[in-house]
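Raw start.json, JSON, C-alpha atoms:
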[["chain", "number", "residue", "atom", "x", "y", "z"],
["A", 1, "MET", "CA", -19.34, 31.59, 1.88],
["A", 2, "GLU", "CA", -22.32, 30.55, 3.97],
["A", 3, "TYR", "CA", -21.49, 28.20, 6.85],
["A", 4, "ARG", "CA", -24.09, 25.52, 7.47],
["A", 5, "HIS", "CA", -24.81, 22.80, 10.00],
["A", 6, "GLU", "CA", -24.05, 19.28, 8.87],
["A", 7, "TRP", "CA", -24.91, 15.78, 10.13],
["A", 8, "LYS", "CA", -23.53, 12.54, 8.75],
["A", 9, "HIS", "CA", -24.74, 9.03, 9.53],
["A", 10, "GLU", "CA", -23.55, 5.63, 8.31],
["A", 11, "ILE", "CA", -26.65, 3.65, 7.41],
["A", 12, "ASN", "CA", -27.52, 0.29, 5.84],
["A", 13, "ARG", "CA", -29.52, -0.75, 2.78],
["A", 14, "SER", "CA", -32.75, -1.11, 4.76],
["A", 15, "ASP", "CA", -32.32, 2.43, 6.12],
["A", 16, "LEU", "CA", -31.77, 3.69, 2.58],
["A", 17, "LEU", "CA", -35.05, 2.23, 1.36],
["A", 18, "ILE", "CA", -36.94, 3.68, 4.32],
["A", 19, "LEU", "CA", -35.40, 7.14, 3.98],
["A", 20, "ARG", "CA", -35.93, 7.26, 0.23],
["A", 21, "LYS", "CA", -39.63, 6.59, 0.65],
["A", 22, "ARG", "CA", -40.03, 9.09, 3.49],
["A", 23, "LEU", "CA", -38.08, 11.86, 1.79],
["A", 24, "LYS", "CA", -39.98, 11.51, -1.49],
["A", 25, "ALA", "CA", -43.19, 12.17, 0.45],
["A", 26, "VAL", "CA", -42.10, 15.56, 1.84],
["A", 27, "ALA", "CA", -39.06, 16.87, -0.06],
["A", 28, "LYS", "CA", -38.20, 17.67, -3.66],
["A", 29, "PRO", "CA", -35.69, 15.45, -5.47],
["A", 30, "ASP", "CA", -32.71, 17.00, -7.17],
["A", 31, "SER", "CA", -33.95, 18.37, -10.50],
["A", 32, "HIS", "CA", -30.65, 17.54, -12.22],
["A", 33, "SER", "CA", -30.67, 13.83, -11.38],
["A", 34, "ALA", "CA", -31.58, 11.08, -13.81],
["A", 35, "ASP", "CA", -34.15, 8.65, -12.40],
["A", 36, "GLY", "CA", -33.52, 10.12, -8.95],
["A", 37, "THR", "CA", -29.76, 9.49, -8.87],
["A", 38, "TYR", "CA", -26.57, 10.89, -10.34],
["A", 39, "GLU", "CA", -22.91, 9.89, -10.42],
["A", 40, "ILE", "CA", -20.18, 12.05, -8.92],
["A", 41, "ARG", "CA", -16.46, 11.89, -9.61],
["A", 42, "SER", "CA", -14.15, 14.06, -7.50],
["A", 43, "LEU", "CA", -10.40, 14.51, -7.64],
["A", 44, "TYR", "CA", -9.04, 15.62, -4.25],
["A", 45, "PHE", "CA", -5.91, 17.65, -3.60],
["A", 46, "ASP", "CA", -3.51, 17.46, -0.68],
["A", 47, "THR", "CA", 0.05, 18.35, 0.25],
["A", 48, "ALA", "CA", 3.02, 15.99, 0.07],
["A", 49, "ASP", "CA", 2.67, 15.30, 3.81],
["A", 50, "ASP", "CA", -1.15, 14.89, 3.57],
["A", 51, "LYS", "CA", -2.12, 17.98, 5.56],
["A", 52, "ALA", "CA", -5.85, 17.76, 4.71],
["A", 53, "LEU", "CA", -5.96, 14.04, 5.50],
["A", 54, "ARG", "CA", -4.15, 14.42, 8.82],
["A", 55, "GLU", "CA", -6.33, 17.35, 9.90],
["A", 56, "LYS", "CA", -9.47, 15.33, 9.16],
["A", 57, "ILE", "CA", -8.25, 12.26, 11.06],
["A", 58, "ASN", "CA", -7.11, 14.39, 14.01],
["A", 59, "GLY", "CA", -10.37, 16.35, 14.14],
["A", 60, "VAL", "CA", -8.82, 19.79, 13.60],
["A", 61, "ASN", "CA", -11.58, 22.37, 14.05],
["A", 62, "ILE", "CA", -10.51, 24.68, 11.22],
["A", 63, "ARG", "CA", -9.61, 22.95, 7.98],
["A", 64, "GLU", "CA", -10.16, 22.96, 4.23],
["A", 65, "LYS", "CA", -9.72, 20.80, 1.15],
["A", 66, "PHE", "CA", -9.87, 21.37, -2.59],
["A", 67, "ARG", "CA", -11.41, 19.13, -5.24],
["A", 68, "ILE", "CA", -12.39, 19.11, -8.89],
["A", 69, "ARG", "CA", -15.77, 17.50, -9.57],
["A", 70, "TYR", "CA", -18.05, 16.55, -12.44],
["A", 71, "TYR", "CA", -21.25, 14.58, -12.81],
["A", 72, "ASN", "CA", -22.63, 11.58, -14.70],
["A", 73, "ARG", "CA", -19.34, 11.10, -16.54],
["A", 74, "ASP", "CA", -20.02, 14.31, -18.48],
["A", 75, "PRO", "CA", -16.95, 16.61, -18.47],
["A", 76, "SER", "CA", -18.82, 19.46, -20.14],
["A", 77, "PHE", "CA", -19.69, 20.79, -16.66],
["A", 78, "VAL", "CA", -16.75, 20.81, -14.23],
["A", 79, "ARG", "CA", -16.49, 22.53, -10.85],
["A", 80, "LEU", "CA", -13.53, 23.55, -8.74],
["A", 81, "GLU", "CA", -14.60, 23.47, -5.09],
["A", 82, "LYS", "CA", -13.16, 24.29, -1.69],
["A", 83, "LYS", "CA", -14.82, 22.66, 1.32],
["A", 84, "SER", "CA", -14.19, 24.49, 4.60],
["A", 85, "LYS", "CA", -14.93, 23.45, 8.18],
["A", 86, "ILE", "CA", -14.96, 25.64, 11.29],
["A", 87, "ASN", "CA", -16.04, 24.21, 14.65],
["A", 88, "GLY", "CA", -18.43, 21.72, 13.08],
["A", 89, "LEU", "CA", -19.95, 24.13, 10.56],
["A", 90, "SER", "CA", -19.27, 23.59, 6.87],
["A", 91, "ALA", "CA", -19.16, 25.80, 3.78],
["A", 92, "LYS", "CA", -18.43, 25.30, 0.12],
["A", 93, "ASP", "CA", -17.02, 27.76, -2.38],
["A", 94, "SER", "CA", -17.14, 26.73, -6.04],
["A", 95, "VAL", "CA", -16.57, 27.97, -9.58],
["A", 96, "SER", "CA", -17.15, 26.48, -13.02],
["A", 97, "ILE", "CA", -14.01, 25.65, -15.00],
["A", 98, "THR", "CA", -13.47, 23.99, -18.35],
["A", 99, "ARG", "CA", -12.24, 20.46, -18.89],
["A", 100, "ALA", "CA", -9.07, 21.91, -20.38],
["A", 101, "GLN", "CA", -8.49, 24.07, -17.30],
["A", 102, "ALA", "CA", -9.07, 21.09, -15.02],
["A", 103, "GLN", "CA", -6.65, 18.91, -16.97],
["A", 104, "ALA", "CA", -4.03, 21.65, -16.93],
["A", 105, "ILE", "CA", -4.37, 21.88, -13.14],
["A", 106, "VAL", "CA", -3.91, 18.11, -12.83],
["A", 107, "ASP", "CA", -0.91, 18.17, -15.20],
["A", 108, "ARG", "CA", 0.53, 21.25, -13.46],
["A", 109, "THR", "CA", 0.85, 23.08, -16.77],
["A", 110, "TRP", "CA", -1.60, 25.88, -15.97],
["A", 111, "SER", "CA", -1.02, 29.57, -15.43],
["A", 112, "LEU", "CA", -3.27, 32.45, -14.49],
["A", 113, "PRO", "CA", -3.83, 35.63, -16.48],
["A", 114, "ALA", "CA", -2.56, 38.85, -14.95],
["A", 115, "GLU", "CA", -6.13, 39.83, -14.06],
["A", 116, "SER", "CA", -8.13, 36.76, -13.09],
["A", 117, "ASP", "CA", -11.87, 36.96, -12.33],
["A", 118, "MET", "CA", -11.82, 33.64, -10.45],
["A", 119, "PRO", "CA", -10.65, 34.19, -6.84],
["A", 120, "LEU", "CA", -11.00, 30.49, -6.01],
["A", 121, "LEU", "CA", -8.79, 29.52, -8.94],
["A", 122, "ASP", "CA", -6.29, 32.16, -7.83],
["A", 123, "GLU", "CA", -6.28, 30.70, -4.32],
["A", 124, "LEU", "CA", -5.66, 27.16, -5.57],
["A", 125, "TYR", "CA", -2.86, 28.40, -7.82],
["A", 126, "ILE", "CA", -1.13, 30.11, -4.88],
["A", 127, "LYS", "CA", -1.50, 27.05, -2.65],
["A", 128, "VAL", "CA", -0.21, 24.74, -5.38],
["A", 129, "ARG", "CA", 2.89, 26.92, -5.62],
["A", 130, "ASN", "CA", 3.37, 27.75, -1.93],
["A", 131, "GLN", "CA", 1.98, 24.69, -0.09],
["A", 132, "GLY", "CA", 2.65, 22.01, -2.67],
["A", 133, "LEU", "CA", -0.98, 20.98, -3.17],
["A", 134, "ARG", "CA", -1.18, 18.08, -5.61],
["A", 135, "PRO", "CA", -3.92, 15.79, -6.96],
["A", 136, "LYS", "CA", -4.12, 12.73, -4.70],
["A", 137, "THR", "CA", -6.99, 10.39, -5.50],
["A", 138, "LEU", "CA", -10.28, 9.94, -7.29],
["A", 139, "VAL", "CA", -13.51, 9.39, -5.36],
["A", 140, "ASP", "CA", -16.57, 8.02, -7.20],
["A", 141, "TYR", "CA", -20.06, 7.48, -5.80],
["A", 142, "THR", "CA", -23.76, 7.56, -6.52],
["A", 143, "ARG", "CA", -25.95, 10.23, -4.90],
["A", 144, "GLU", "CA", -29.64, 10.80, -4.28],
["A", 145, "ALA", "CA", -30.43, 14.35, -3.16],
["A", 146, "PHE", "CA", -33.54, 15.96, -1.68],
["A", 147, "PHE", "CA", -34.39, 19.58, -0.85],
["A", 148, "PHE", "CA", -36.73, 21.01, 1.78],
["A", 149, "SER", "CA", -37.22, 24.77, 1.57],
["A", 150, "PRO", "CA", -37.98, 25.61, 5.24],
["A", 151, "GLY", "CA", -34.58, 25.84, 6.91],
["A", 152, "HIS", "CA", -32.85, 25.50, 3.53],
["A", 153, "VAL", "CA", -32.31, 21.78, 4.12],
["A", 154, "ARG", "CA", -30.51, 19.39, 1.79],
["A", 155, "VAL", "CA", -30.49, 15.65, 2.45],
["A", 156, "THR", "CA", -28.25, 13.32, 0.44],
["A", 157, "LEU", "CA", -27.85, 9.56, 0.29],
["A", 158, "ASP", "CA", -24.44, 8.49, -1.02],
["A", 159, "TYR", "CA", -23.47, 4.91, -1.85],
["A", 160, "ASP", "CA", -21.30, 2.70, -4.07],
["A", 161, "ILE", "CA", -18.28, 4.70, -2.89],
["A", 162, "ARG", "CA", -15.18, 3.79, -4.88],
["A", 163, "THR", "CA", -11.55, 4.86, -4.84],
["A", 164, "GLY", "CA", -9.22, 5.40, -7.75],
["A", 165, "LEU", "CA", -6.30, 4.58, -5.42],
["A", 166, "THR", "CA", -3.45, 6.87, -6.56],
["A", 167, "SER", "CA", -4.90, 7.55, -10.01],
["A", 168, "THR", "CA", -5.58, 11.16, -10.98],
["A", 169, "ASP", "CA", -6.78, 10.40, -14.52],
["A", 170, "MET", "CA", -10.21, 11.85, -13.81],
["A", 171, "PHE", "CA", -11.55, 12.20, -17.35],
["A", 172, "ASN", "CA", -10.63, 8.69, -18.49],
["A", 173, "PRO", "CA", -13.80, 6.53, -18.44],
["A", 174, "GLN", "CA", -11.58, 3.44, -18.31],
["A", 175, "THR", "CA", -9.90, 4.47, -15.04],
["A", 176, "ILE", "CA", -10.20, 1.57, -12.61],
["A", 177, "THR", "CA", -11.87, 2.23, -9.25],
["A", 178, "ILE", "CA", -12.54, -0.25, -6.45],
["A", 179, "PRO", "CA", -15.12, -0.33, -3.63],
["A", 180, "VAL", "CA", -14.09, 1.25, -0.33],
["A", 181, "GLY", "CA", -14.10, -1.27, 2.50],
["A", 182, "ALA", "CA", -17.65, -2.40, 3.22],
["A", 183, "SER", "CA", -18.83, 0.43, 0.93],
["A", 184, "PRO", "CA", -21.06, 2.12, 3.51],
["A", 185, "ILE", "CA", -24.10, 4.22, 2.70],
["A", 186, "ILE", "CA", -23.77, 7.79, 3.96],
["A", 187, "LEU", "CA", -26.70, 9.97, 4.96],
["A", 188, "GLU", "CA", -25.84, 13.68, 5.03],
["A", 189, "VAL", "CA", -28.16, 16.41, 6.32],
["A", 190, "LYS", "CA", -27.24, 20.07, 5.82],
["A", 191, "TRP", "CA", -29.23, 23.10, 6.89],
["A", 192, "SER", "CA", -28.85, 26.83, 7.39],
["A", 193, "GLU", "CA", -31.40, 28.55, 9.61],
["A", 194, "PHE", "CA", -32.94, 25.58, 11.42],
["A", 195, "LEU", "CA", -33.71, 21.88, 11.00],
["A", 196, "PRO", "CA", -37.49, 21.40, 10.73],
["A", 197, "ASP", "CA", -39.00, 18.77, 13.01],
["A", 198, "ILE", "CA", -40.43, 16.82, 10.07],
["A", 199, "ILE", "CA", -36.93, 16.32, 8.58],
["A", 200, "ARG", "CA", -35.39, 15.66, 11.99],
["A", 201, "ASP", "CA", -37.96, 12.93, 12.61],
["A", 202, "ILE", "CA", -37.34, 11.36, 9.21],
["A", 203, "VAL", "CA", -33.54, 11.15, 9.51],
["A", 204, "CYS", "CA", -33.39, 10.08, 13.17],
["A", 205, "LEU", "CA", -33.21, 6.32, 12.66],
["A", 206, "PRO", "CA", -32.99, 3.93, 15.63],
["A", 207, "GLY", "CA", -29.42, 3.06, 16.52],
["A", 208, "ARG", "CA", -27.85, 5.60, 14.14],
["A", 209, "ARG", "CA", -25.59, 8.29, 15.52],
["A", 210, "PRO", "CA", -23.77, 11.23, 13.89],
["A", 211, "SER", "CA", -20.56, 10.14, 12.18],
["A", 212, "ALA", "CA", -17.38, 11.91, 11.03],
["A", 213, "TYR", "CA", -17.08, 9.74, 7.93],
["A", 214, "SER", "CA", -14.95, 11.24, 5.16],
["A", 215, "LYS", "CA", -15.06, 9.82, 1.62],
["A", 216, "TYR", "CA", -11.64, 11.31, 0.94],
["A", 217, "ALA", "CA", -10.08, 9.76, 4.04],
["A", 218, "ALA", "CA", -11.72, 6.39, 3.33],
["A", 219, "CYS", "CA", -10.39, 6.43, -0.22],
["A", 220, "ARG", "CA", -6.84, 7.10, 1.00],
["A", 221, "LEU", "CA", -6.67, 3.95, 3.13],
["A", 222, "TYR", "CA", -5.18, 1.94, 0.27],
["A", 223, "ASP", "CA", -2.27, 4.30, -0.50]]
Could you rewrite the structure in this file as structure tokens?
Amino acid sequence: MEYRHEWKHEINRSDLLILRKRLKAVAKPDSHSADGTYEIRSLYFDTADDKALREKINGVNIREKFRIRYYNRDPSFVRLEKKSKINGLSAKDSVSITRAQAQAIVDRTWSLPAESDMPLLDELYIKVRNQGLRPKTLVDYTREAFFFSPGHVRVTLDYDIRTGLTSTDMFNPQTITIPVGASPIILEVKWSEFLPDIIRDIVCLPGRRPSAYSKYAACRLYD
């Protein structure tokens, strides 16, 4: 996994409009989005005593969390992902799985073949058995993403963040979700080698400071 730098900022609707216009002038929009946006649904996993949630709230420097994710309500493309953090740097490991595999994981009816070619799936299986990882909550939101090649920079604007409360019925289009608090807009900036000045200037809005906002933690407030 490649560890990358990451900034998060909570912004308002006016900031969103400004950033969207600026980013479109210099960066490439996500080629997989429809009309510039796409919908994300993630199902997050945690232990019975909420290890991932507690580590996030307490600011533990080395932590991880697992999730299953798909896009635009289309379960034909599903990803299992592990998000890792070490001393402020972030990395993501991911693998494509089928809807049937994802549902079996949620239902806890899955098993692995004797020789698996999916190390990430193997790791989740072991941690489900040994650490008691379980599906916890659904997180829905809308995303706009932009890419800037120098520095390998990715800028995302996430909004309409919603929680499925304790529901884990991720493939049911009728699953009820509700807005999270004031439903903030989250600006995320990720880069590898360096952050180019042109992107730094664009995302440095007056009065906005880096934030530790977590969609997963915000969506667990109603448990």
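Proximity of A:Trp191, A:Phe171, A:Phe45, A:Tyr213 to Phe146 of chain A, computed with all atoms listed in the file, is greatest for A:Trp191.
Distance annotation: of A:Leu195, A:Ile86, A:Ile202, A:Leu43, the residue with the minimal separation from Gly59 of chain A is A:Ile86; atom set is only C-alpha atoms.
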Closest atom pairs, residues of segment 10-78 of chain A within 7 Å of segment 95-114 of chain A, only C-alpha atoms, as CSV:
residue,atom,partner,partner_atom,distance
A:Pro75,CA,A:Arg99,CA,6.1
A:Ser76,CA,A:Arg99,CA,6.8
A:Val78,CA,A:Ile97,CA,5.6
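Computed from the coordinates, the atom CA of Ile198 of chain A to atom CA of Pro150 of chain A distance equals 10.3 Å.
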As a PDB file with C-alpha atoms, in the frame of the given file, please: the residues near Asp30 of chain A (cut-off 8 Å, all atoms listed in the file, same-chain neighbours under 6 positions excluded).
ATOM      1  CA  GLY A  36     -33.520  10.120  -8.950  1.00  0.00           C
ATOM      2  CA  GLU A 144     -29.640  10.800  -4.280  1.00  0.00           C
ATOM      3  CA  ALA A 145     -30.430  14.350  -3.160  1.00  0.00           C
ATOM      4  CA  PHE A 146     -33.540  15.960  -1.680  1.00  0.00           C
ATOM      5  CA  PHE A 147     -34.390  19.580  -0.850  1.00  0.00           C
TER       6      PHE A 147
END
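Picture a line from atom CA of Leu133 of chain A to atom CA of Gly88 of chain A; it runs 23.9 Å.
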Who sits within 8 Å of Pro210 of chain A, only C-alpha atoms, same chain under 5 positions skipped, as a list in words: Trp7, Lys8, His9 and Glu10 of chain A
Using all atoms listed in the file: which of A:Arg73, A:Arg154, A:Arg134, A:Arg54 has the shortest distance to Val189 of chain A: A:Arg154
Using all atoms listed in the file, which residues sit within 6 Å of segment 160-168 of chain A once same-chain residues fewer than 2 positions away are excluded, as a PyMOL selection string? chain A and resi 137-142+170+177-180+183+219
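Atom CA of Gly181 of chain A is found 9.1 Å from atom CA of Leu221 of chain A.
Using all atoms listed in the file, the smallest distance between any of A:Lys83, A:Lys65, A:His152, A:Arg209 and Lys127 of chain A comes from A:Lys65.
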Write out as JSON an axis-aligned box for segment 125-142 of chain A: all of its atoms listed in the file, 3 Å added on each side, centre and edge lengths in Å with one decimal.
{"center_x": -10.2, "center_y": 18.8, "center_z": -4.0, "size_x": 33.1, "size_y": 28.6, "size_z": 13.7}
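Nearest to Tyr3 of chain A of all the residues A:Tyr222, A:Ala25, A:Lys190, A:Val155 is A:Lys190, counting all atoms listed in the file.
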If you count all atoms listed in the file, the residue of A:Gly151, A:Asp169, A:Lys56, A:Ile68 closest to Asp197 of chain A turns out to be A:Gly151
Set the distance at 10 Å and use only C-alpha atoms: which residues neighbour Leu53 of chain A once local chain neighbours fewer than 5 positions away are removed? I'd like the list as a list in words. Phe45, Asp46, Thr47, Asn58, Gly59, Arg63, Glu64, Lys65, Ser214, Tyr216, Ala217, Ala218 and Arg220 of chain A
Env of Pro119 of chain A: 10 Å cut, atoms = only C-alpha atoms, seq-sep filter 5 positions within chain, self excluded. Answer as JSON, numbers by chain. {"A": [94, 95, 124, 125]}
